[in-house]
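Okay, entry.cif is below, mmCIF, C-alpha atoms:
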data_entry
loop_
_atom_site.label_atom_id
_atom_site.label_comp_id
_atom_site.auth_asym_id
_atom_site.auth_seq_id
_atom_site.Cartn_x
_atom_site.Cartn_y
_atom_site.Cartn_z
CA MET A 1 124.75 118.39 108.50
CA THR A 2 123.23 121.37 110.29
CA GLN A 3 120.89 120.66 113.16
CA ARG A 4 117.26 121.43 112.27
CA LYS A 5 115.54 123.96 114.48
CA ILE A 6 111.93 123.54 115.66
CA LEU A 7 109.92 126.12 117.56
CA LEU A 8 107.26 124.69 119.88
CA VAL A 9 104.47 127.09 120.85
CA ASP A 10 101.98 125.99 123.52
CA ASP A 11 100.64 127.38 126.78
CA SER A 12 100.59 123.91 128.33
CA GLU A 13 103.89 122.99 129.94
CA THR A 14 102.82 119.36 129.74
CA VAL A 15 102.46 119.53 125.95
CA LEU A 16 105.76 121.36 125.56
CA MET A 17 107.52 118.76 127.68
CA MET A 18 105.91 115.90 125.77
CA GLU A 19 106.81 117.41 122.39
CA GLN A 20 110.38 117.89 123.56
CA MET A 21 110.58 114.28 124.76
CA ILE A 22 109.33 113.00 121.42
CA LEU A 23 111.43 115.25 119.16
CA LYS A 24 114.61 114.96 121.23
CA LYS A 25 114.90 111.47 119.78
CA ASP A 26 115.72 112.95 116.35
CA HIS A 27 118.24 115.45 117.76
CA TYR A 28 116.45 118.62 116.66
CA GLN A 29 117.31 121.92 118.24
CA LEU A 30 114.17 122.84 120.18
CA ILE A 31 112.98 126.28 121.20
CA THR A 32 109.80 126.84 123.22
CA ALA A 33 107.29 129.67 123.60
CA LYS A 34 104.25 129.84 125.89
CA ASN A 35 101.85 131.88 123.76
CA GLY A 36 101.34 133.20 120.24
CA LYS A 37 102.98 136.53 120.92
CA GLU A 38 106.13 134.96 122.34
CA GLY A 39 106.02 132.44 119.50
CA VAL A 40 106.10 135.18 116.85
CA LYS A 41 108.96 136.93 118.66
CA LYS A 42 111.03 133.75 118.96
CA ALA A 43 110.30 132.74 115.37
CA LEU A 44 111.65 136.05 114.08
CA GLU A 45 114.71 135.80 116.32
CA SER A 46 115.62 132.18 115.73
CA LYS A 47 114.30 131.52 112.19
CA PRO A 48 113.24 127.92 112.81
CA ASP A 49 112.89 125.26 110.11
CA LEU A 50 109.47 124.28 111.47
CA ILE A 51 106.94 125.58 113.98
CA LEU A 52 104.47 123.48 116.01
CA MET A 53 101.69 125.84 117.06
CA ASP A 54 98.86 125.28 119.54
CA VAL A 55 95.53 126.94 118.68
CA ILE A 56 94.00 128.12 121.96
CA MET A 57 96.51 130.23 123.85
CA PRO A 58 96.48 133.41 125.92
CA GLU A 59 97.73 136.76 124.60
CA MET A 60 97.63 135.71 120.94
CA ASN A 61 95.98 132.52 119.65
CA GLY A 62 97.58 130.16 117.15
CA PHE A 63 95.70 131.42 114.07
CA GLU A 64 96.60 135.04 114.80
CA ALA A 65 100.22 134.05 115.33
CA VAL A 66 100.30 132.18 112.00
CA ARG A 67 98.79 135.16 110.16
CA CYS A 68 101.36 137.41 111.76
CA LEU A 69 104.24 135.11 110.80
CA ARG A 70 103.02 134.86 107.21
CA GLN A 71 103.19 138.64 106.88
CA GLN A 72 106.89 138.69 107.81
CA THR A 73 109.44 138.09 105.06
CA GLU A 74 111.70 136.05 107.38
CA THR A 75 108.97 133.61 108.39
CA GLN A 76 106.48 133.59 105.50
CA ALA A 77 107.83 130.30 104.10
CA VAL A 78 108.44 128.46 107.39
CA PRO A 79 106.20 125.36 107.62
CA ILE A 80 103.74 125.63 110.51
CA VAL A 81 101.93 122.60 111.96
CA MET A 82 98.91 123.37 114.13
CA VAL A 83 98.49 121.19 117.23
CA THR A 84 94.78 121.01 117.82
CA THR A 85 91.79 119.12 119.22
CA LYS A 86 89.22 117.63 116.82
CA ALA A 87 86.70 120.36 117.62
CA GLU A 88 89.26 122.88 116.56
CA ALA A 89 90.10 120.76 113.53
CA GLU A 90 86.63 121.46 112.22
CA SER A 91 87.71 125.05 111.92
CA MET A 92 90.98 124.03 110.26
CA GLU A 93 89.80 125.87 107.18
CA THR A 94 90.55 128.98 109.21
CA GLY A 95 93.95 127.48 109.94
CA TYR A 96 94.77 126.82 106.29
CA GLU A 97 93.45 130.27 105.37
CA SER A 98 95.71 131.82 107.95
CA GLY A 99 98.62 129.98 106.37
CA CYS A 100 99.36 126.81 108.36
CA SER A 101 100.88 123.90 106.44
CA ASP A 102 99.44 120.93 108.30
CA TYR A 103 98.03 119.88 111.66
CA VAL A 104 98.20 117.13 114.28
CA THR A 105 95.46 116.34 116.79
CA LYS A 106 95.66 116.07 120.55
CA PRO A 107 96.51 114.01 122.50
CA ILE A 108 99.80 113.90 120.64
CA ASP A 109 100.77 110.57 119.19
CA SER A 110 104.55 110.24 119.09
CA THR A 111 104.65 108.24 115.84
CA GLU A 112 102.29 110.61 114.03
CA LEU A 113 104.21 113.67 115.18
CA LEU A 114 107.62 112.26 114.28
CA THR A 115 106.41 111.07 110.88
CA LYS A 116 104.89 114.45 110.04
CA VAL A 117 107.92 116.41 111.21
CA ARG A 118 110.34 114.14 109.32
CA SER A 119 108.23 114.38 106.19
CA ILE A 120 107.99 118.18 106.30
CA LEU A 121 111.70 118.58 107.02
CA GLY A 122 112.57 115.99 104.39
CA VAL A 123 114.52 113.86 106.86
CA MET B 144 122.16 27.59 60.73
CA LYS B 145 125.79 28.61 60.98
CA LYS B 146 125.69 29.15 57.30
CA ILE B 147 122.79 31.56 57.55
CA ALA B 148 124.58 33.40 60.33
CA ASP B 149 127.68 33.61 58.24
CA GLU B 150 125.64 34.88 55.35
CA ASN B 151 124.07 37.48 57.60
CA LYS B 152 127.48 38.47 58.89
CA SER B 153 128.75 38.92 55.41
CA ALA B 154 125.72 41.06 54.62
CA GLY B 155 126.45 43.15 57.72
CA GLN B 156 123.79 41.48 59.83
CA VAL B 157 124.10 39.58 63.11
CA ASN B 158 121.91 37.07 64.88
CA SER B 159 118.76 39.01 65.19
CA PRO B 160 116.39 38.77 68.17
CA ASP B 161 113.84 38.95 65.43
CA PRO B 162 114.86 36.03 63.25
CA GLU B 163 111.59 35.98 61.49
CA GLY B 164 112.07 39.62 60.43
CA LYS B 165 108.89 40.97 61.97
CA PHE B 166 110.52 44.31 62.53
CA SER B 167 110.99 46.51 59.55
CA MET B 168 114.43 47.82 60.64
CA PRO B 169 117.12 45.27 60.18
CA TYR B 170 119.48 44.77 63.08
CA THR B 171 122.83 45.75 61.76
CA ILE B 172 126.22 45.78 63.40
CA LYS B 173 126.25 49.52 62.93
CA ASN B 174 123.28 49.79 65.27
CA VAL B 175 124.52 47.49 67.96
CA VAL B 176 128.27 47.51 68.01
CA ARG B 177 129.82 50.84 68.54
CA SER B 178 133.40 51.70 68.21
CA ASP B 179 135.48 52.67 71.22
CA ALA B 180 135.54 56.19 69.85
CA GLN B 181 131.77 56.35 69.77
CA LEU B 182 131.57 55.00 73.29
CA GLU B 183 134.12 57.55 74.46
CA GLU B 184 132.04 60.23 72.81
CA GLU B 185 128.88 58.91 74.45
CA ILE B 186 130.59 58.80 77.85
CA LEU B 187 131.79 62.36 77.40
CA ARG B 188 128.31 63.50 76.39
CA LEU B 189 126.77 61.78 79.40
CA ARG B 190 129.44 63.19 81.70
CA ALA B 191 128.69 66.64 80.37
CA GLN B 192 125.01 65.99 80.95
CA VAL B 193 125.71 64.84 84.53
CA ALA B 194 127.83 67.93 85.10
CA SER B 195 125.10 70.14 83.72
CA LEU B 196 122.45 68.43 85.84
CA THR B 197 124.67 68.61 88.91
CA GLN B 198 125.05 72.32 88.26
CA GLU B 199 121.29 72.67 87.89
CA LEU B 200 120.79 70.75 91.13
CA GLU B 201 123.23 73.05 92.92
CA ARG B 202 121.42 76.07 91.52
CA CYS B 203 118.06 74.70 92.69
CA ARG B 204 119.54 73.93 96.10
CA ALA B 205 120.91 77.47 96.31
CA GLU B 206 117.55 78.88 95.26
CA LEU B 207 115.80 76.76 97.86
CA THR B 208 118.26 77.86 100.52
CA ALA B 209 117.78 81.48 99.48
CA ALA B 210 114.01 81.05 99.58
CA GLU B 211 114.22 79.40 103.00
CA PHE B 212 116.61 82.14 104.12
CA GLY B 213 114.22 84.74 102.74
CA THR B 214 111.34 83.20 104.65
CA VAL B 215 113.43 83.01 107.82
CA MET B 216 114.50 86.62 107.35
CA ALA B 217 110.94 87.76 106.62
CA ASN B 218 109.75 86.02 109.79
CA ARG B 219 112.59 87.53 111.75
CA GLN B 220 111.83 90.99 110.31
CA SER B 221 108.18 90.61 111.20
CA ALA B 222 109.11 89.59 114.76
CA LEU B 223 111.47 92.56 114.96
CA ASP B 224 108.75 94.91 113.68
CA ASN B 225 106.38 93.62 116.34
CA SER B 226 109.01 94.02 119.04
CA PHE B 227 109.79 97.51 117.77
CA THR B 228 106.11 98.48 117.91
CA MET B 229 105.87 97.08 121.43
CA VAL B 230 109.01 98.90 122.53
CA GLU B 231 107.73 102.13 120.95
CA ALA B 232 104.43 101.73 122.82
CA GLN B 233 106.26 101.08 126.10
CA ASN B 234 108.53 104.02 125.38
CA PHE B 235 105.49 106.24 124.81
CA THR B 236 103.93 105.07 128.08
CA LEU B 237 107.17 105.77 129.94
CA MET B 238 107.37 109.21 128.32
CA ASN B 239 103.83 109.96 129.52
CA LEU B 240 104.69 108.77 133.04
CA PHE B 241 107.93 110.74 133.08
CA VAL B 242 106.20 113.94 131.96
CA ALA B 243 103.39 113.40 134.48
CA ALA B 244 105.83 112.74 137.34
CA THR B 245 107.93 115.78 136.46
CA ARG B 246 104.90 118.03 136.19
CA LEU B 247 103.35 116.82 139.45
CA HIS B 248 106.47 116.78 141.59
CA SER B 249 108.14 119.93 140.30
CA SER B 250 105.17 122.06 141.33
CA THR B 251 105.60 123.79 144.65
CA GLU B 252 102.20 125.49 144.80
CA ARG B 253 98.91 123.66 145.11
CA SER B 254 97.43 125.65 142.23
CA ASP B 255 100.35 124.49 140.04
CA VAL B 256 99.72 120.88 141.05
CA LEU B 257 96.06 121.27 140.09
CA THR B 258 97.07 122.85 136.76
CA ALA B 259 99.46 119.96 136.18
CA ILE B 260 96.68 117.42 136.91
CA ARG B 261 94.33 119.21 134.50
CA GLU B 262 96.98 119.37 131.77
CA ILE B 263 97.86 115.70 132.19
CA LEU B 264 94.21 114.72 131.92
CA SER B 265 93.52 116.98 128.97
CA ASP B 266 96.81 116.85 127.00
CA LEU B 267 98.08 113.34 127.68
CA ILE B 268 94.83 111.43 128.14
CA GLY B 269 92.71 113.65 125.91
CA SER B 270 89.81 114.68 128.10
CA PRO B 271 88.17 118.11 127.79
CA ALA B 272 86.00 117.55 130.90
CA THR B 273 87.63 116.64 134.19
CA ALA B 274 87.36 117.23 137.92
CA VAL B 275 89.54 116.76 140.98
CA PHE B 276 87.96 116.20 144.38
CA GLU B 277 89.37 116.01 147.85
CA ILE B 278 87.82 114.38 150.89
CA ASN B 279 87.04 116.85 153.59
CA PRO B 280 87.56 114.80 156.78
CA GLY B 281 85.33 117.13 158.78
CA SER B 282 82.24 116.78 156.59
CA GLY B 283 82.87 113.27 155.25
CA ALA B 284 82.22 114.51 151.74
CA LEU B 285 84.16 115.20 148.57
CA CYS B 286 84.88 118.83 147.80
CA LEU B 287 85.59 120.00 144.27
CA LEU B 288 89.14 121.32 143.99
CA GLU B 289 89.45 121.90 140.26
CA SER B 290 87.31 121.30 137.19
CA SER B 291 87.43 121.84 133.46
CA GLY B 292 84.70 121.58 130.83
CA ILE B 293 81.87 120.85 133.31
CA THR B 294 79.41 122.85 135.38
CA PRO B 295 81.15 122.93 138.76
CA ALA B 296 78.07 123.88 140.81
CA LYS B 297 76.54 120.41 140.39
CA LEU B 298 79.59 118.71 141.78
CA SER B 299 80.82 121.11 144.42
CA ARG B 300 80.04 118.64 147.24
CA ILE B 301 79.48 114.90 146.95
CA PRO B 302 78.79 112.76 150.04
CA LEU B 303 80.95 109.64 150.29
CA GLY B 304 79.25 106.61 148.79
CA THR B 305 76.88 108.71 146.66
CA GLY B 306 76.94 108.26 142.91
CA CYS B 307 79.84 106.92 140.95
CA ILE B 308 82.36 109.46 142.28
CA GLY B 309 81.24 109.06 145.89
CA LYS B 310 81.43 105.27 145.62
CA VAL B 311 84.99 105.40 144.30
CA ALA B 312 85.93 107.60 147.26
CA ALA B 313 84.22 105.23 149.70
CA THR B 314 85.64 102.00 148.29
CA GLY B 315 89.00 103.13 146.95
CA GLU B 316 88.33 101.12 143.79
CA ALA B 317 88.74 102.78 140.37
CA TYR B 318 85.75 102.90 138.03
CA PHE B 319 85.82 102.76 134.24
CA GLY B 320 82.71 103.18 132.11
CA ASP B 321 81.54 104.25 128.68
CA GLY B 322 80.50 107.72 129.78
CA SER B 323 76.78 107.12 129.18
CA ASP B 324 74.02 108.60 131.40
CA GLY B 325 76.33 111.38 132.50
CA GLU B 326 78.58 108.95 134.34
CA PRO B 327 82.33 109.55 134.05
CA VAL B 328 84.50 107.58 131.63
CA ALA B 329 86.99 107.05 134.43
CA CYS B 330 86.99 107.70 138.13
CA VAL B 331 90.23 107.10 140.00
CA PRO B 332 90.76 107.37 143.76
CA LEU B 333 93.58 109.56 145.02
CA LYS B 334 95.35 107.32 147.51
CA ILE B 335 98.24 107.59 149.90
CA GLY B 336 98.86 104.02 150.91
CA PRO B 337 95.46 102.54 151.73
CA ARG B 338 93.98 105.93 152.65
CA VAL B 339 91.72 107.58 150.06
CA THR B 340 92.24 111.34 149.99
CA GLY B 341 90.17 112.27 146.96
CA VAL B 342 89.02 111.36 143.45
CA ILE B 343 89.96 112.29 139.88
CA ALA B 344 87.05 112.12 137.42
CA VAL B 345 87.31 112.03 133.63
CA PHE B 346 83.85 112.81 132.23
CA ARG B 347 84.44 112.45 128.49
CA LEU B 348 87.16 112.09 125.91
CA LEU B 349 87.99 114.14 122.86
CA GLU B 350 85.85 113.31 119.81
CA GLN B 351 88.67 111.49 118.00
CA LYS B 352 89.50 109.37 121.03
CA LEU B 353 86.97 106.56 121.22
CA ASN B 354 88.20 104.92 124.41
CA LEU B 355 90.98 104.82 126.94
CA HIS B 356 94.11 102.97 125.87
CA SER B 357 96.42 100.82 127.97
CA ASN B 358 98.86 103.72 128.42
CA ASP B 359 95.96 105.89 129.72
CA HIS B 360 95.16 103.24 132.32
CA GLU B 361 98.83 103.17 133.36
CA LEU B 362 98.82 106.95 133.61
CA LEU B 363 95.62 107.06 135.66
CA ASP B 364 96.97 104.37 137.96
CA PHE B 365 100.15 106.41 138.37
CA MET B 366 98.12 109.57 139.03
CA SER B 367 96.18 107.80 141.76
CA THR B 368 99.24 107.85 144.01
CA HIS B 369 101.40 110.63 142.63
CA ALA B 370 98.70 113.28 142.29
CA ALA B 371 97.58 112.46 145.83
CA LEU B 372 101.14 112.86 147.13
CA ALA B 373 101.67 116.11 145.23
CA LEU B 374 98.40 117.51 146.56
CA GLN B 375 99.23 116.48 150.11
CA ARG B 376 102.73 117.97 149.85
CA THR B 377 101.30 121.32 148.81
CA SER B 378 98.12 121.23 150.89
CA ALA B 379 97.17 124.58 152.31
CA PRO B 380 96.69 124.74 156.07
CA SER B 381 93.59 126.85 155.58
CA GLY B 382 91.63 124.01 153.95
CA ALA B 383 90.77 122.33 150.70
CA SER B 384 89.45 125.43 148.99
CA ALA B 385 92.90 127.04 148.79
CA GLY B 386 93.69 125.85 145.30
CA ARG B 387 90.21 125.71 143.86
CA GLY B 388 89.85 126.65 140.23
CA THR B 389 87.52 125.98 137.35
CA ARG B 390 87.77 126.17 133.58
CA THR B 391 84.71 125.73 131.45
#
Structure translated into structure tokens:
Amino acid sequence: MTQRKILLVDDSETVLMMEQMILKKDHYQLITAKNGKEGVKKALESKPDLILMDVIMPEMNGFEAVRCLRQQTETQAVPIVMVTTKAEAESMETGYESGCSDYVTKPIDSTELLTKVRSILGV
Amino acid sequence: MKKIADENKSAGQVNSPDPEGKFSMPYTIKNVVRSDAQLEEEILRLRAQVASLTQELERCRAELTAAEFGTVMANRQSALDNSFTMVEAQNFTLMNLFVAATRLHSSTERSDVLTAIREILSDLIGSPATAVFEINPGSGALCLLESSGITPAKLSRIPLGTGCIGKVAATGEAYFGDGSDGEPVACVPLKIGPRVTGVIAVFRLLEQKLNLHSNDHELLDFMSTHAALALQRTSAPSGASAGRGTRT
């Protein structure tokens, strides 16, 4: 069985490290990016099976990055989960409009994240 | 009398326990005396019945055992589920501590340590409003090193023993509250051994987080020593203001 690839996009090293710790348990191949712009670049290069995207980031925010990815043929169908605070969740309509598939709230709960990722990837 | 009995015998009747004939059914030999063959047949029928009942008993015993086994297994499963949940919770706490330790101790610059503290408080604990203070030995007051989500001007200098934050710095005892009246939700001293070097304040939590959990308390307790050590390790010779930063 091929190893599933997940792209983690967040400007917080702490969040990236935490996400890696949680997802490592399921043996996914993990790629990281520190802002939306780098996230789009790495998504096009690596064609991940799933993207976890923070909302507030420098250079290019999460919504912009999702819109950009949805316009590309290679990434238009890749599931994208927004990682957000509740305040941002209120504007999740913007997120869904921009093309995200789902979202998880901060602080990240390991069980919630794993369950969502497994469900989206059909594991 | 013998004659009557003989007559009865000849008519197919025996001495009846009902000599006066109160019962309507006559006692005949056919009813009382059975042939060996009939008895054999009866024995076989009863044996078959015993066998069938024994089988039924075995089946019931097996069912009972299975039910008992099922109950035992269900209890065991429930205990395992509880243990699994506990282990998962401990695992999550350890993950938090590991990430916090790595972030704090892999930073070589004071500004990176302060960023790490802010990220730990905001991303692992879930607070959008935090502050880090350091005791300035010269002035005997707390100086604001880093803040996020608050107005820094109000807290730039706090005398020791004043207000919740000042009291934590003076006593070295952590404070936990409900965040009402502008008081912090948590105030933790930064300590190296018994010496208090500063304070970390958590002013409020994210909307979806109603209170601090046990793993947050563990993390704050851990931060009390490790953030203090990381700050001391990277302390700038020019003074506390070297790494100062604010995010609102």
Between atom CA of Leu7 of chain A and atom CA of Ile31 of chain A - distance in Å to one decimal:
4.8 Å
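Atom pair atom CA of Glu59 of chain A / atom CA of Glu350 of chain B has a distance of 26.7 Å (rounded to one decimal).
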Interface, chain A side, toward chain B (12 Å; only C-alpha atoms) as a ChimeraX atom specification:
/A:10-25,54,83-90,104-111
Figure out the distance between atom CA of Gln375 of chain B and atom CA of Thr251 of chain B, please, to one decimal in Å.
11.1 Å
Please write as an MDAnalysis selection string the full residue list that the PyMOL selection byres ((chain B and resi 301-317) around 7) yields on this file.
chainID B and resid 283:286 298:300 318:319 330:332 339 341:342
Taking (100.7, 112.6, 145.9) in the file's own coordinates, collect the residues within 9 Å, counting all atoms listed in the file, and hand them back as a ChimeraX atom specification.
/B:247-248,333-335,366-376
Taking 3 positions as the minimum chain separation for residues in the same chain, which residues sit within 9 Å of segment 38-42 of chain A when counting only C-alpha atoms? Answer as a ChimeraX atom specification.
/A:7-10,31-35,45-48,51,53,59-60,65-66,68-69
The PyMOL selection byres ((chain B and resi 273) around 8) on the file shown: which residues, as JSON, numbers by chain?
{"B": [261, 264, 265, 270, 271, 272, 274, 275, 290, 291, 292, 293, 343, 344, 345, 346, 347]}
Excluding same-chain residues fewer than 6 positions from segment 114-123 of chain A, what lies within 9 Å of it counting all atoms listed in the file, as a compact mmCIF listing (two decimals) with C-alpha atoms, keeping the file's coordinate frame?
# COMPACT_ATOMS: atom_id res chain seq x y z
CA ARG A 4 117.26 121.43 112.27
CA ILE A 22 109.33 113.00 121.42
CA LEU A 23 111.43 115.25 119.16
CA ASP A 26 115.72 112.95 116.35
CA ASP A 49 112.89 125.26 110.11
CA LEU A 50 109.47 124.28 111.47
CA PRO A 79 106.20 125.36 107.62
CA VAL A 81 101.93 122.60 111.96
CA ASP A 102 99.44 120.93 108.30
CA TYR A 103 98.03 119.88 111.66
CA VAL A 104 98.20 117.13 114.28
Determine the nearest neighbour of Ile6 of chain A from the options A:Met82, A:Leu30, A:Met57, A:Cys100, counting only C-alpha atoms.
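Answer, going by the shortest atom-to-atom distance: A:Leu30.
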